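Dropping my_file35.pdb in here (PDB, N, CA and C atoms):
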ATOM      1  N   MET A 175      41.693 -23.782   8.993
ATOM      2  CA  MET A 175      40.714 -23.417  10.001
ATOM      3  C   MET A 175      39.436 -22.874   9.351
ATOM      4  N   LEU A 176      39.599 -22.156   8.249
ATOM      5  CA  LEU A 176      38.440 -21.596   7.563
ATOM      6  C   LEU A 176      37.542 -22.698   7.023
ATOM      7  N   GLU A 177      38.113 -23.673   6.356
ATOM      8  CA  GLU A 177      37.303 -24.761   5.796
ATOM      9  C   GLU A 177      36.589 -25.545   6.893
ATOM     10  N   LYS A 178      37.257 -25.758   7.992
ATOM     11  CA  LYS A 178      36.632 -26.466   9.109
ATOM     12  C   LYS A 178      35.444 -25.665   9.647
ATOM     13  N   ALA A 179      35.620 -24.360   9.793
ATOM     14  CA  ALA A 179      34.560 -23.506  10.333
ATOM     15  C   ALA A 179      33.405 -23.358   9.353
ATOM     16  N   MET A 180      33.703 -23.291   8.049
ATOM     17  CA  MET A 180      32.617 -23.072   7.085
ATOM     18  C   MET A 180      31.701 -24.279   6.965
ATOM     19  N   TRP A 181      32.209 -25.470   7.189
ATOM     20  CA  TRP A 181      31.355 -26.657   7.130
ATOM     21  C   TRP A 181      30.646 -26.915   8.449
ATOM     22  N   ALA A 182      31.124 -26.299   9.525
ATOM     23  CA  ALA A 182      30.527 -26.520  10.840
ATOM     24  C   ALA A 182      29.414 -25.519  11.162
ATOM     25  N   SER A 183      29.289 -24.446  10.356
ATOM     26  CA  SER A 183      28.311 -23.407  10.672
ATOM     27  C   SER A 183      27.452 -23.089   9.453
ATOM     28  N   PRO A 184      26.147 -22.901   9.651
ATOM     29  CA  PRO A 184      25.286 -22.511   8.538
ATOM     30  C   PRO A 184      25.271 -20.994   8.303
ATOM     31  N   HIS A 185      25.974 -20.229   9.129
ATOM     32  CA  HIS A 185      25.946 -18.773   9.076
ATOM     33  C   HIS A 185      27.046 -18.224   8.179
ATOM     34  N   MET A 186      26.833 -17.011   7.699
ATOM     35  CA  MET A 186      27.846 -16.356   6.878
ATOM     36  C   MET A 186      28.979 -15.828   7.751
ATOM     37  N   HIS A 187      28.622 -15.296   8.912
ATOM     38  CA  HIS A 187      29.639 -14.799   9.843
ATOM     39  C   HIS A 187      30.129 -15.985  10.676
ATOM     40  N   LEU A 188      31.360 -16.386  10.430
ATOM     41  CA  LEU A 188      31.896 -17.574  11.097
ATOM     42  C   LEU A 188      32.534 -17.268  12.444
ATOM     43  N   ARG A 189      32.572 -16.014  12.818
ATOM     44  CA  ARG A 189      33.145 -15.552  14.075
ATOM     45  C   ARG A 189      34.645 -15.799  14.130
ATOM     46  N   ALA A 190      35.214 -15.880  15.331
ATOM     47  CA  ALA A 190      36.660 -16.088  15.489
ATOM     48  C   ALA A 190      36.998 -17.524  15.110
ATOM     49  N   ILE A 191      37.876 -17.662  14.134
ATOM     50  CA  ILE A 191      38.242 -19.008  13.698
ATOM     51  C   ILE A 191      39.652 -19.393  14.107
ATOM     52  N   ASP A 192      40.471 -18.402  14.518
ATOM     53  CA  ASP A 192      41.847 -18.711  14.884
ATOM     54  C   ASP A 192      42.454 -17.543  15.646
ATOM     55  N   ARG A 193      43.601 -17.801  16.238
ATOM     56  CA  ARG A 193      44.394 -16.762  16.904
ATOM     57  C   ARG A 193      45.813 -16.859  16.367
ATOM     58  N   PHE A 194      46.464 -15.686  16.226
ATOM     59  CA  PHE A 194      47.813 -15.643  15.676
ATOM     60  C   PHE A 194      48.575 -14.506  16.337
ATOM     61  N   ASN A 195      49.649 -14.826  17.053
ATOM     62  CA  ASN A 195      50.491 -13.817  17.722
ATOM     63  C   ASN A 195      49.684 -12.818  18.545
ATOM     64  N   GLY A 196      48.746 -13.293  19.304
ATOM     65  CA  GLY A 196      47.928 -12.423  20.130
ATOM     66  C   GLY A 196      46.826 -11.713  19.373
ATOM     67  N   GLN A 197      46.685 -11.964  18.104
ATOM     68  CA  GLN A 197      45.647 -11.370  17.279
ATOM     69  C   GLN A 197      44.544 -12.404  17.044
ATOM     70  N   VAL A 198      43.356 -11.937  16.715
ATOM     71  CA  VAL A 198      42.208 -12.806  16.473
ATOM     72  C   VAL A 198      41.861 -12.745  14.990
ATOM     73  N   VAL A 199      41.532 -13.900  14.410
ATOM     74  CA  VAL A 199      41.124 -13.974  13.012
ATOM     75  C   VAL A 199      39.633 -14.262  12.969
ATOM     76  N   HIS A 200      38.863 -13.325  12.404
ATOM     77  CA  HIS A 200      37.432 -13.505  12.190
ATOM     78  C   HIS A 200      37.209 -13.770  10.704
ATOM     79  N   ALA A 201      36.169 -14.518  10.382
ATOM     80  CA  ALA A 201      35.876 -14.851   8.990
ATOM     81  C   ALA A 201      34.416 -14.607   8.671
ATOM     82  N   PHE A 202      34.186 -14.260   7.417
ATOM     83  CA  PHE A 202      32.845 -14.049   6.881
ATOM     84  C   PHE A 202      32.845 -14.689   5.503
ATOM     85  N   LEU A 203      31.871 -15.526   5.227
ATOM     86  CA  LEU A 203      31.799 -16.251   3.972
ATOM     87  C   LEU A 203      30.615 -15.740   3.155
ATOM     88  N   THR A 204      30.862 -15.312   1.917
ATOM     89  CA  THR A 204      29.782 -14.808   1.076
ATOM     90  C   THR A 204      28.982 -15.964   0.499
ATOM     91  N   ALA A 205      27.853 -15.637  -0.087
ATOM     92  CA  ALA A 205      27.007 -16.662  -0.702
ATOM     93  C   ALA A 205      27.709 -17.336  -1.870
ATOM     94  N   GLY A 206      28.628 -16.639  -2.517
ATOM     95  CA  GLY A 206      29.373 -17.198  -3.643
ATOM     96  C   GLY A 206      30.612 -17.962  -3.232
ATOM     97  N   GLY A 207      30.892 -18.018  -1.936
ATOM     98  CA  GLY A 207      32.033 -18.777  -1.449
ATOM     99  C   GLY A 207      33.297 -17.970  -1.237
ATOM    100  N   THR A 208      33.238 -16.653  -1.419
ATOM    101  CA  THR A 208      34.396 -15.805  -1.148
ATOM    102  C   THR A 208      34.501 -15.581   0.350
ATOM    103  N   ALA A 209      35.701 -15.676   0.872
ATOM    104  CA  ALA A 209      35.916 -15.499   2.313
ATOM    105  C   ALA A 209      36.551 -14.140   2.577
ATOM    106  N   PHE A 210      36.006 -13.428   3.542
ATOM    107  CA  PHE A 210      36.616 -12.203   4.048
ATOM    108  C   PHE A 210      37.237 -12.563   5.386
ATOM    109  N   LEU A 211      38.497 -12.228   5.568
ATOM    110  CA  LEU A 211      39.194 -12.494   6.820
ATOM    111  C   LEU A 211      39.613 -11.180   7.445
ATOM    112  N   LEU A 212      39.492 -11.090   8.759
ATOM    113  CA  LEU A 212      39.850  -9.888   9.496
ATOM    114  C   LEU A 212      40.786 -10.287  10.629
ATOM    115  N   LEU A 213      41.993  -9.746  10.616
ATOM    116  CA  LEU A 213      42.966  -9.962  11.686
ATOM    117  C   LEU A 213      42.969  -8.708  12.534
ATOM    118  N   HIS A 214      42.663  -8.839  13.821
ATOM    119  CA  HIS A 214      42.586  -7.664  14.688
ATOM    120  C   HIS A 214      43.028  -8.027  16.099
ATOM    121  N   ASP A 215      43.095  -7.012  16.944
ATOM    122  CA  ASP A 215      43.636  -7.208  18.285
ATOM    123  C   ASP A 215      42.636  -7.778  19.289
ATOM    124  N   GLY A 216      41.434  -8.013  18.887
ATOM    125  CA  GLY A 216      40.442  -8.605  19.782
ATOM    126  C   GLY A 216      39.549  -7.590  20.467
ATOM    127  N   SER A 217      39.850  -6.302  20.304
ATOM    128  CA  SER A 217      38.983  -5.292  20.906
ATOM    129  C   SER A 217      37.760  -5.099  20.022
ATOM    130  N   GLY A 218      36.732  -4.563  20.589
ATOM    131  CA  GLY A 218      35.484  -4.398  19.828
ATOM    132  C   GLY A 218      34.642  -5.650  19.978
ATOM    133  N   GLY A 219      33.365  -5.471  19.888
ATOM    134  CA  GLY A 219      32.467  -6.599  20.077
ATOM    135  C   GLY A 219      32.089  -7.277  18.779
ATOM    136  N   GLU A 220      31.356  -8.362  18.925
ATOM    137  CA  GLU A 220      30.888  -9.124  17.763
ATOM    138  C   GLU A 220      29.985  -8.282  16.877
ATOM    139  N   ASP A 221      29.198  -7.393  17.475
ATOM    140  CA  ASP A 221      28.306  -6.539  16.682
ATOM    141  C   ASP A 221      29.095  -5.606  15.763
ATOM    142  N   SER A 222      30.192  -5.064  16.273
ATOM    143  CA  SER A 222      31.026  -4.183  15.454
ATOM    144  C   SER A 222      31.654  -4.946  14.300
ATOM    145  N   ILE A 223      32.160  -6.117  14.577
ATOM    146  CA  ILE A 223      32.796  -6.924  13.541
ATOM    147  C   ILE A 223      31.768  -7.359  12.505
ATOM    148  N   LEU A 224      30.602  -7.758  12.948
ATOM    149  CA  LEU A 224      29.540  -8.155  12.020
ATOM    150  C   LEU A 224      29.090  -6.967  11.172
ATOM    151  N   GLY A 225      28.972  -5.792  11.769
ATOM    152  CA  GLY A 225      28.612  -4.590  11.016
ATOM    153  C   GLY A 225      29.642  -4.269   9.950
ATOM    154  N   PHE A 226      30.922  -4.409  10.297
ATOM    155  CA  PHE A 226      31.992  -4.185   9.325
ATOM    156  C   PHE A 226      31.890  -5.183   8.180
ATOM    157  N   PHE A 227      31.740  -6.462   8.494
ATOM    158  CA  PHE A 227      31.642  -7.483   7.454
ATOM    159  C   PHE A 227      30.422  -7.268   6.555
ATOM    160  N   LYS A 228      29.296  -6.897   7.134
ATOM    161  CA  LYS A 228      28.102  -6.650   6.315
ATOM    162  C   LYS A 228      28.309  -5.464   5.377
ATOM    163  N   GLY A 229      28.978  -4.437   5.866
ATOM    164  CA  GLY A 229      29.280  -3.294   5.019
ATOM    165  C   GLY A 229      30.217  -3.655   3.872
ATOM    166  N   VAL A 230      31.252  -4.438   4.164
ATOM    167  CA  VAL A 230      32.183  -4.868   3.120
ATOM    168  C   VAL A 230      31.470  -5.774   2.129
ATOM    169  N   TYR A 231      30.596  -6.635   2.627
ATOM    170  CA  TYR A 231      29.840  -7.527   1.741
ATOM    171  C   TYR A 231      28.956  -6.718   0.789
ATOM    172  N   GLU A 232      28.320  -5.680   1.294
ATOM    173  CA  GLU A 232      27.489  -4.832   0.447
ATOM    174  C   GLU A 232      28.323  -4.155  -0.639
ATOM    175  N   LEU A 233      29.499  -3.638  -0.268
ATOM    176  CA  LEU A 233      30.387  -3.032  -1.258
ATOM    177  C   LEU A 233      30.846  -4.058  -2.287
ATOM    178  N   TYR A 234      31.134  -5.261  -1.829
ATOM    179  CA  TYR A 234      31.601  -6.333  -2.709
ATOM    180  C   TYR A 234      30.520  -6.719  -3.724
ATOM    181  N   VAL A 235      29.286  -6.838  -3.265
ATOM    182  CA  VAL A 235      28.186  -7.182  -4.173
ATOM    183  C   VAL A 235      27.986  -6.068  -5.204
ATOM    184  N   LYS A 236      28.050  -4.821  -4.767
ATOM    185  CA  LYS A 236      27.921  -3.701  -5.712
ATOM    186  C   LYS A 236      29.046  -3.735  -6.748
ATOM    187  N   LEU A 237      30.246  -4.077  -6.316
ATOM    188  CA  LEU A 237      31.363  -4.174  -7.243
ATOM    189  C   LEU A 237      31.133  -5.289  -8.255
ATOM    190  N   LEU A 238      30.647  -6.432  -7.793
ATOM    191  CA  LEU A 238      30.413  -7.561  -8.691
ATOM    192  C   LEU A 238      29.292  -7.287  -9.691
ATOM    193  N   MET A 239      28.365  -6.429  -9.329
ATOM    194  CA  MET A 239      27.264  -6.104 -10.231
ATOM    195  C   MET A 239      27.681  -5.149 -11.347
ATOM    196  N   ASN A 240      28.864  -4.563 -11.221
ATOM    197  CA  ASN A 240      29.386  -3.685 -12.264
ATOM    198  C   ASN A 240      29.690  -4.530 -13.504
ATOM    199  N   PRO A 241      29.142  -4.182 -14.655
ATOM    200  CA  PRO A 241      29.374  -4.999 -15.856
ATOM    201  C   PRO A 241      30.832  -5.007 -16.314
ATOM    202  N   PHE A 242      31.638  -4.073 -15.842
ATOM    203  CA  PHE A 242      33.041  -4.027 -16.230
ATOM    204  C   PHE A 242      33.949  -4.765 -15.251
ATOM    205  N   CYS A 243      33.385  -5.312 -14.197
ATOM    206  CA  CYS A 243      34.151  -6.059 -13.208
ATOM    207  C   CYS A 243      34.536  -7.427 -13.781
ATOM    208  N   GLU A 244      35.796  -7.769 -13.671
ATOM    209  CA  GLU A 244      36.266  -9.074 -14.128
ATOM    210  C   GLU A 244      36.371 -10.002 -12.923
ATOM    211  N   MET A 245      35.756 -11.156 -13.043
ATOM    212  CA  MET A 245      35.721 -12.120 -11.939
ATOM    213  C   MET A 245      37.100 -12.757 -11.733
ATOM    214  N   ASP A 246      37.345 -13.214 -10.534
ATOM    215  CA  ASP A 246      38.546 -13.960 -10.148
ATOM    216  C   ASP A 246      39.842 -13.175 -10.337
ATOM    217  N   LEU A 247      39.768 -11.867 -10.270
ATOM    218  CA  LEU A 247      40.956 -11.030 -10.302
ATOM    219  C   LEU A 247      41.005 -10.213  -9.015
ATOM    220  N   PRO A 248      42.196  -9.826  -8.583
ATOM    221  CA  PRO A 248      42.278  -8.981  -7.380
ATOM    222  C   PRO A 248      41.515  -7.672  -7.586
ATOM    223  N   ILE A 249      40.948  -7.168  -6.500
ATOM    224  CA  ILE A 249      40.244  -5.886  -6.552
ATOM    225  C   ILE A 249      41.295  -4.791  -6.376
ATOM    226  N   ILE A 250      41.468  -3.968  -7.396
ATOM    227  CA  ILE A 250      42.489  -2.911  -7.350
ATOM    228  C   ILE A 250      41.868  -1.523  -7.440
ATOM    229  N   SER A 251      40.632  -1.402  -7.047
ATOM    230  CA  SER A 251      39.919  -0.135  -7.118
ATOM    231  C   SER A 251      40.252   0.739  -5.904
ATOM    232  N   PRO A 252      40.824   1.921  -6.126
ATOM    233  CA  PRO A 252      41.086   2.831  -5.000
ATOM    234  C   PRO A 252      39.793   3.254  -4.291
ATOM    235  N   ALA A 253      38.699   3.385  -5.042
ATOM    236  CA  ALA A 253      37.423   3.768  -4.430
ATOM    237  C   ALA A 253      36.933   2.673  -3.491
ATOM    238  N   PHE A 254      37.059   1.415  -3.907
ATOM    239  CA  PHE A 254      36.653   0.297  -3.064
ATOM    240  C   PHE A 254      37.485   0.279  -1.788
ATOM    241  N   GLU A 255      38.788   0.452  -1.932
ATOM    242  CA  GLU A 255      39.669   0.442  -0.763
ATOM    243  C   GLU A 255      39.342   1.578   0.201
ATOM    244  N   SER A 256      39.082   2.765  -0.323
ATOM    245  CA  SER A 256      38.768   3.892   0.566
ATOM    246  C   SER A 256      37.449   3.670   1.287
ATOM    247  N   ARG A 257      36.485   3.039   0.625
ATOM    248  CA  ARG A 257      35.205   2.761   1.287
ATOM    249  C   ARG A 257      35.355   1.687   2.365
ATOM    250  N   VAL A 258      36.194   0.700   2.114
ATOM    251  CA  VAL A 258      36.447  -0.315   3.139
ATOM    252  C   VAL A 258      37.150   0.319   4.340
ATOM    253  N   ARG A 259      38.094   1.211   4.073
ATOM    254  CA  ARG A 259      38.779   1.901   5.177
ATOM    255  C   ARG A 259      37.809   2.783   5.973
ATOM    256  N   ALA A 260      36.850   3.396   5.283
ATOM    257  CA  ALA A 260      35.837   4.191   5.980
ATOM    258  C   ALA A 260      34.978   3.300   6.873
ATOM    259  N   LEU A 261      34.647   2.110   6.391
ATOM    260  CA  LEU A 261      33.900   1.153   7.226
ATOM    261  C   LEU A 261      34.730   0.738   8.440
ATOM    262  N   GLU A 262      36.016   0.564   8.238
ATOM    263  CA  GLU A 262      36.896   0.189   9.345
ATOM    264  C   GLU A 262      36.918   1.287  10.407
ATOM    265  N   ARG A 263      36.999   2.533   9.967
ATOM    266  CA  ARG A 263      36.980   3.642  10.935
ATOM    267  C   ARG A 263      35.649   3.713  11.668
ATOM    268  N   ARG A 264      34.567   3.425  10.956
ATOM    269  CA  ARG A 264      33.228   3.507  11.568
ATOM    270  C   ARG A 264      32.992   2.385  12.563
ATOM    271  N   TRP A 265      33.338   1.154  12.208
ATOM    272  CA  TRP A 265      32.957  -0.002  13.016
ATOM    273  C   TRP A 265      34.040  -0.530  13.949
ATOM    274  N   LEU A 266      35.308  -0.349  13.614
ATOM    275  CA  LEU A 266      36.346  -1.054  14.364
ATOM    276  C   LEU A 266      37.251  -0.142  15.175
ATOM    277  N   ARG A 267      36.910   1.083  15.337
ATOM    278  CA  ARG A 267      37.784   1.977  16.147
ATOM    279  C   ARG A 267      37.109   2.386  17.407
TER
END
What is this structure when it is put down as structure tokens?
Amino acid sequence: MLEKAMWASPHMHLRAIDRFNGQVVHAFLTAGGTAFLLLHDGSGGEDSILGFFKGVYELYVKLLMNPFCEMDLPIISPAFESRVRALERRWLR
């Protein structure tokens, strides 16, 4: 579903691309081709979801600009995770 949506839209925020067990899957595609996926209950508006994705994208770009960051490896930074959780509390609750 992600590949179908990414070729059908010129935007980074691909919106809802699928539904799973009553949950909604939203997608955001970075300029480098990394996909952020969000599985949620469908509450909250598009503005909240877009704000969350933009915040995560900003954190992701800052992480990639770190000269000690290794590409194509999982992100295991506790600081990154806590900042993403703070964005989740701000935008998605």
Report as a compact mmCIF listing (two decimals) with N, CA and C atoms, in the coordinates of the input the residues that result from applying the PyMOL selection byres (((chain A and resi 230 and name CA) around 12) and name CA) to the structure here.
# COMPACT_ATOMS: atom_id res chain seq x y z
N PHE A 202 34.19 -14.26 7.42
CA PHE A 202 32.84 -14.05 6.88
C PHE A 202 32.84 -14.69 5.50
N LEU A 203 31.87 -15.53 5.23
CA LEU A 203 31.80 -16.25 3.97
C LEU A 203 30.62 -15.74 3.16
N THR A 204 30.86 -15.31 1.92
CA THR A 204 29.78 -14.81 1.08
C THR A 204 28.98 -15.96 0.50
N THR A 208 33.24 -16.65 -1.42
CA THR A 208 34.40 -15.80 -1.15
C THR A 208 34.50 -15.58 0.35
N ALA A 209 35.70 -15.68 0.87
CA ALA A 209 35.92 -15.50 2.31
C ALA A 209 36.55 -14.14 2.58
N PHE A 210 36.01 -13.43 3.54
CA PHE A 210 36.62 -12.20 4.05
C PHE A 210 37.24 -12.56 5.39
N LEU A 211 38.50 -12.23 5.57
CA LEU A 211 39.19 -12.49 6.82
C LEU A 211 39.61 -11.18 7.44
N LEU A 212 39.49 -11.09 8.76
CA LEU A 212 39.85 -9.89 9.50
C LEU A 212 40.79 -10.29 10.63
N ILE A 223 32.16 -6.12 14.58
CA ILE A 223 32.80 -6.92 13.54
C ILE A 223 31.77 -7.36 12.50
N LEU A 224 30.60 -7.76 12.95
CA LEU A 224 29.54 -8.15 12.02
C LEU A 224 29.09 -6.97 11.17
N GLY A 225 28.97 -5.79 11.77
CA GLY A 225 28.61 -4.59 11.02
C GLY A 225 29.64 -4.27 9.95
N PHE A 226 30.92 -4.41 10.30
CA PHE A 226 31.99 -4.18 9.32
C PHE A 226 31.89 -5.18 8.18
N PHE A 227 31.74 -6.46 8.49
CA PHE A 227 31.64 -7.48 7.45
C PHE A 227 30.42 -7.27 6.56
N LYS A 228 29.30 -6.90 7.13
CA LYS A 228 28.10 -6.65 6.32
C LYS A 228 28.31 -5.46 5.38
N GLY A 229 28.98 -4.44 5.87
CA GLY A 229 29.28 -3.29 5.02
C GLY A 229 30.22 -3.66 3.87
N TYR A 231 30.60 -6.64 2.63
CA TYR A 231 29.84 -7.53 1.74
C TYR A 231 28.96 -6.72 0.79
N GLU A 232 28.32 -5.68 1.29
CA GLU A 232 27.49 -4.83 0.45
C GLU A 232 28.32 -4.16 -0.64
N LEU A 233 29.50 -3.64 -0.27
CA LEU A 233 30.39 -3.03 -1.26
C LEU A 233 30.85 -4.06 -2.29
N TYR A 234 31.13 -5.26 -1.83
CA TYR A 234 31.60 -6.33 -2.71
C TYR A 234 30.52 -6.72 -3.72
N VAL A 235 29.29 -6.84 -3.26
CA VAL A 235 28.19 -7.18 -4.17
C VAL A 235 27.99 -6.07 -5.20
N LYS A 236 28.05 -4.82 -4.77
CA LYS A 236 27.92 -3.70 -5.71
C LYS A 236 29.05 -3.74 -6.75
N LEU A 237 30.25 -4.08 -6.32
CA LEU A 237 31.36 -4.17 -7.24
C LEU A 237 31.13 -5.29 -8.26
N PHE A 254 37.06 1.42 -3.91
CA PHE A 254 36.65 0.30 -3.06
C PHE A 254 37.48 0.28 -1.79
N GLU A 255 38.79 0.45 -1.93
CA GLU A 255 39.67 0.44 -0.76
C GLU A 255 39.34 1.58 0.20
N SER A 256 39.08 2.76 -0.32
CA SER A 256 38.77 3.89 0.57
C SER A 256 37.45 3.67 1.29
N ARG A 257 36.48 3.04 0.62
CA ARG A 257 35.20 2.76 1.29
C ARG A 257 35.35 1.69 2.37
N VAL A 258 36.19 0.70 2.11
CA VAL A 258 36.45 -0.32 3.14
C VAL A 258 37.15 0.32 4.34
N ARG A 259 38.09 1.21 4.07
CA ARG A 259 38.78 1.90 5.18
C ARG A 259 37.81 2.78 5.97
N ALA A 260 36.85 3.40 5.28
CA ALA A 260 35.84 4.19 5.98
C ALA A 260 34.98 3.30 6.87
N LEU A 261 34.65 2.11 6.39
CA LEU A 261 33.90 1.15 7.23
C LEU A 261 34.73 0.74 8.44
N GLU A 262 36.02 0.56 8.24
CA GLU A 262 36.90 0.19 9.35
C GLU A 262 36.92 1.29 10.41
N ARG A 264 34.57 3.42 10.96
CA ARG A 264 33.23 3.51 11.57
C ARG A 264 32.99 2.38 12.56
N TRP A 265 33.34 1.15 12.21
CA TRP A 265 32.96 0.00 13.02
C TRP A 265 34.04 -0.53 13.95
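Counting from CA of Leu238 in chain A, the distance to CA of His185 in chain A is 21.5 Å.
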**Prompt:** Out of chain A, which residues get helix (DSSP H, G or I) from DSSP, as a PyMOL selection string?
**Reply:** chain A and resi 176-182+220-238+252-265
**Prompt:** DSSP says strand (DSSP E) for which residues of chain A? Put them as number ranges by chain?
**Reply:** A: 187-194, 197-203, 209-214
Now that the selection is made, can you save its residues with N, CA and C atoms as a CSV table (one decimal), in the frame of the given file?
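Contents of the output file out-v2.csv:
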chain,number,residue,atom,x,y,z
A,187,HIS,N,28.6,-15.3,8.9
A,187,HIS,CA,29.6,-14.8,9.8
A,187,HIS,C,30.1,-16.0,10.7
A,188,LEU,N,31.4,-16.4,10.4
A,188,LEU,CA,31.9,-17.6,11.1
A,188,LEU,C,32.5,-17.3,12.4
A,189,ARG,N,32.6,-16.0,12.8
A,189,ARG,CA,33.1,-15.6,14.1
A,189,ARG,C,34.6,-15.8,14.1
A,190,ALA,N,35.2,-15.9,15.3
A,190,ALA,CA,36.7,-16.1,15.5
A,190,ALA,C,37.0,-17.5,15.1
A,191,ILE,N,37.9,-17.7,14.1
A,191,ILE,CA,38.2,-19.0,13.7
A,191,ILE,C,39.7,-19.4,14.1
A,192,ASP,N,40.5,-18.4,14.5
A,192,ASP,CA,41.8,-18.7,14.9
A,192,ASP,C,42.5,-17.5,15.6
A,193,ARG,N,43.6,-17.8,16.2
A,193,ARG,CA,44.4,-16.8,16.9
A,193,ARG,C,45.8,-16.9,16.4
A,194,PHE,N,46.5,-15.7,16.2
A,194,PHE,CA,47.8,-15.6,15.7
A,194,PHE,C,48.6,-14.5,16.3
A,197,GLN,N,46.7,-12.0,18.1
A,197,GLN,CA,45.6,-11.4,17.3
A,197,GLN,C,44.5,-12.4,17.0
A,198,VAL,N,43.4,-11.9,16.7
A,198,VAL,CA,42.2,-12.8,16.5
A,198,VAL,C,41.9,-12.7,15.0
A,199,VAL,N,41.5,-13.9,14.4
A,199,VAL,CA,41.1,-14.0,13.0
A,199,VAL,C,39.6,-14.3,13.0
A,200,HIS,N,38.9,-13.3,12.4
A,200,HIS,CA,37.4,-13.5,12.2
A,200,HIS,C,37.2,-13.8,10.7
A,201,ALA,N,36.2,-14.5,10.4
A,201,ALA,CA,35.9,-14.9,9.0
A,201,ALA,C,34.4,-14.6,8.7
A,202,PHE,N,34.2,-14.3,7.4
A,202,PHE,CA,32.8,-14.0,6.9
A,202,PHE,C,32.8,-14.7,5.5
A,203,LEU,N,31.9,-15.5,5.2
A,203,LEU,CA,31.8,-16.3,4.0
A,203,LEU,C,30.6,-15.7,3.2
A,209,ALA,N,35.7,-15.7,0.9
A,209,ALA,CA,35.9,-15.5,2.3
A,209,ALA,C,36.6,-14.1,2.6
A,210,PHE,N,36.0,-13.4,3.5
A,210,PHE,CA,36.6,-12.2,4.0
A,210,PHE,C,37.2,-12.6,5.4
A,211,LEU,N,38.5,-12.2,5.6
A,211,LEU,CA,39.2,-12.5,6.8
A,211,LEU,C,39.6,-11.2,7.4
A,212,LEU,N,39.5,-11.1,8.8
A,212,LEU,CA,39.8,-9.9,9.5
A,212,LEU,C,40.8,-10.3,10.6
A,213,LEU,N,42.0,-9.7,10.6
A,213,LEU,CA,43.0,-10.0,11.7
A,213,LEU,C,43.0,-8.7,12.5
A,214,HIS,N,42.7,-8.8,13.8
A,214,HIS,CA,42.6,-7.7,14.7
A,214,HIS,C,43.0,-8.0,16.1
Please return the centre and edge lengths, in Å to one decimal, of a box with edges along x, y and z that contains all listed atoms of range 178-185 of chain A, widened by 4 Å on every side, as AutoDock Vina command-line options.
--center_x 31.3 --center_y -22.6 --center_z 9.1 --size_x 20.0 --size_y 16.7 --size_z 12.2
**Request:** Enumerate, as a ChimeraX atom specification, the residues matched when the PyMOL selection byres ((chain A and resi 197) around 8) is run on the file above.
**Result:** /A:192-196,198-200,212-216
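Counting only N, CA and C atoms, the residue from A:Met175, A:Leu247, A:Ala205, A:Glu220 that sits nearest to Ile191 in chain A is A:Met175.
Here atom N of Ser217 in chain A stands at a distance of 26.8 Å from CA of Ala253 in chain A.
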**Message:** Using Å and a single decimal, report how far atom C of Leu266 in chain A sits from CA of Ser222 in chain A.
**Reply:** 7.4 Å
**Message:** With only C-alpha atoms as the counted atoms, please give the residues lying no more than 12 Å from Gly207 in chain A, apart from itself and same-chain residues fewer than 4 positions off, as number ranges by chain.
**Reply:** A: 176-177, 180-181, 186, 201-203, 231, 246
Dump as a JSON list (two decimals), in the frame of the given file, selection limited to N, CA and C atoms:
[["chain", "number", "residue", "atom", "x", "y", "z"],
["A", 176, "LEU", "N", 39.60, -22.16, 8.25],
["A", 176, "LEU", "CA", 38.44, -21.60, 7.56],
["A", 176, "LEU", "C", 37.54, -22.70, 7.02],
["A", 177, "GLU", "N", 38.11, -23.67, 6.36],
["A", 177, "GLU", "CA", 37.30, -24.76, 5.80],
["A", 177, "GLU", "C", 36.59, -25.54, 6.89],
["A", 180, "MET", "N", 33.70, -23.29, 8.05],
["A", 180, "MET", "CA", 32.62, -23.07, 7.08],
["A", 180, "MET", "C", 31.70, -24.28, 6.96],
["A", 181, "TRP", "N", 32.21, -25.47, 7.19],
["A", 181, "TRP", "CA", 31.36, -26.66, 7.13],
["A", 181, "TRP", "C", 30.65, -26.92, 8.45],
["A", 186, "MET", "N", 26.83, -17.01, 7.70],
["A", 186, "MET", "CA", 27.85, -16.36, 6.88],
["A", 186, "MET", "C", 28.98, -15.83, 7.75],
["A", 201, "ALA", "N", 36.17, -14.52, 10.38],
["A", 201, "ALA", "CA", 35.88, -14.85, 8.99],
["A", 201, "ALA", "C", 34.42, -14.61, 8.67],
["A", 202, "PHE", "N", 34.19, -14.26, 7.42],
["A", 202, "PHE", "CA", 32.84, -14.05, 6.88],
["A", 202, "PHE", "C", 32.84, -14.69, 5.50],
["A", 203, "LEU", "N", 31.87, -15.53, 5.23],
["A", 203, "LEU", "CA", 31.80, -16.25, 3.97],
["A", 203, "LEU", "C", 30.62, -15.74, 3.16],
["A", 231, "TYR", "N", 30.60, -6.64, 2.63],
["A", 231, "TYR", "CA", 29.84, -7.53, 1.74],
["A", 231, "TYR", "C", 28.96, -6.72, 0.79],
["A", 246, "ASP", "N", 37.34, -13.21, -10.53],
["A", 246, "ASP", "CA", 38.55, -13.96, -10.15],
["A", 246, "ASP", "C", 39.84, -13.18, -10.34]]
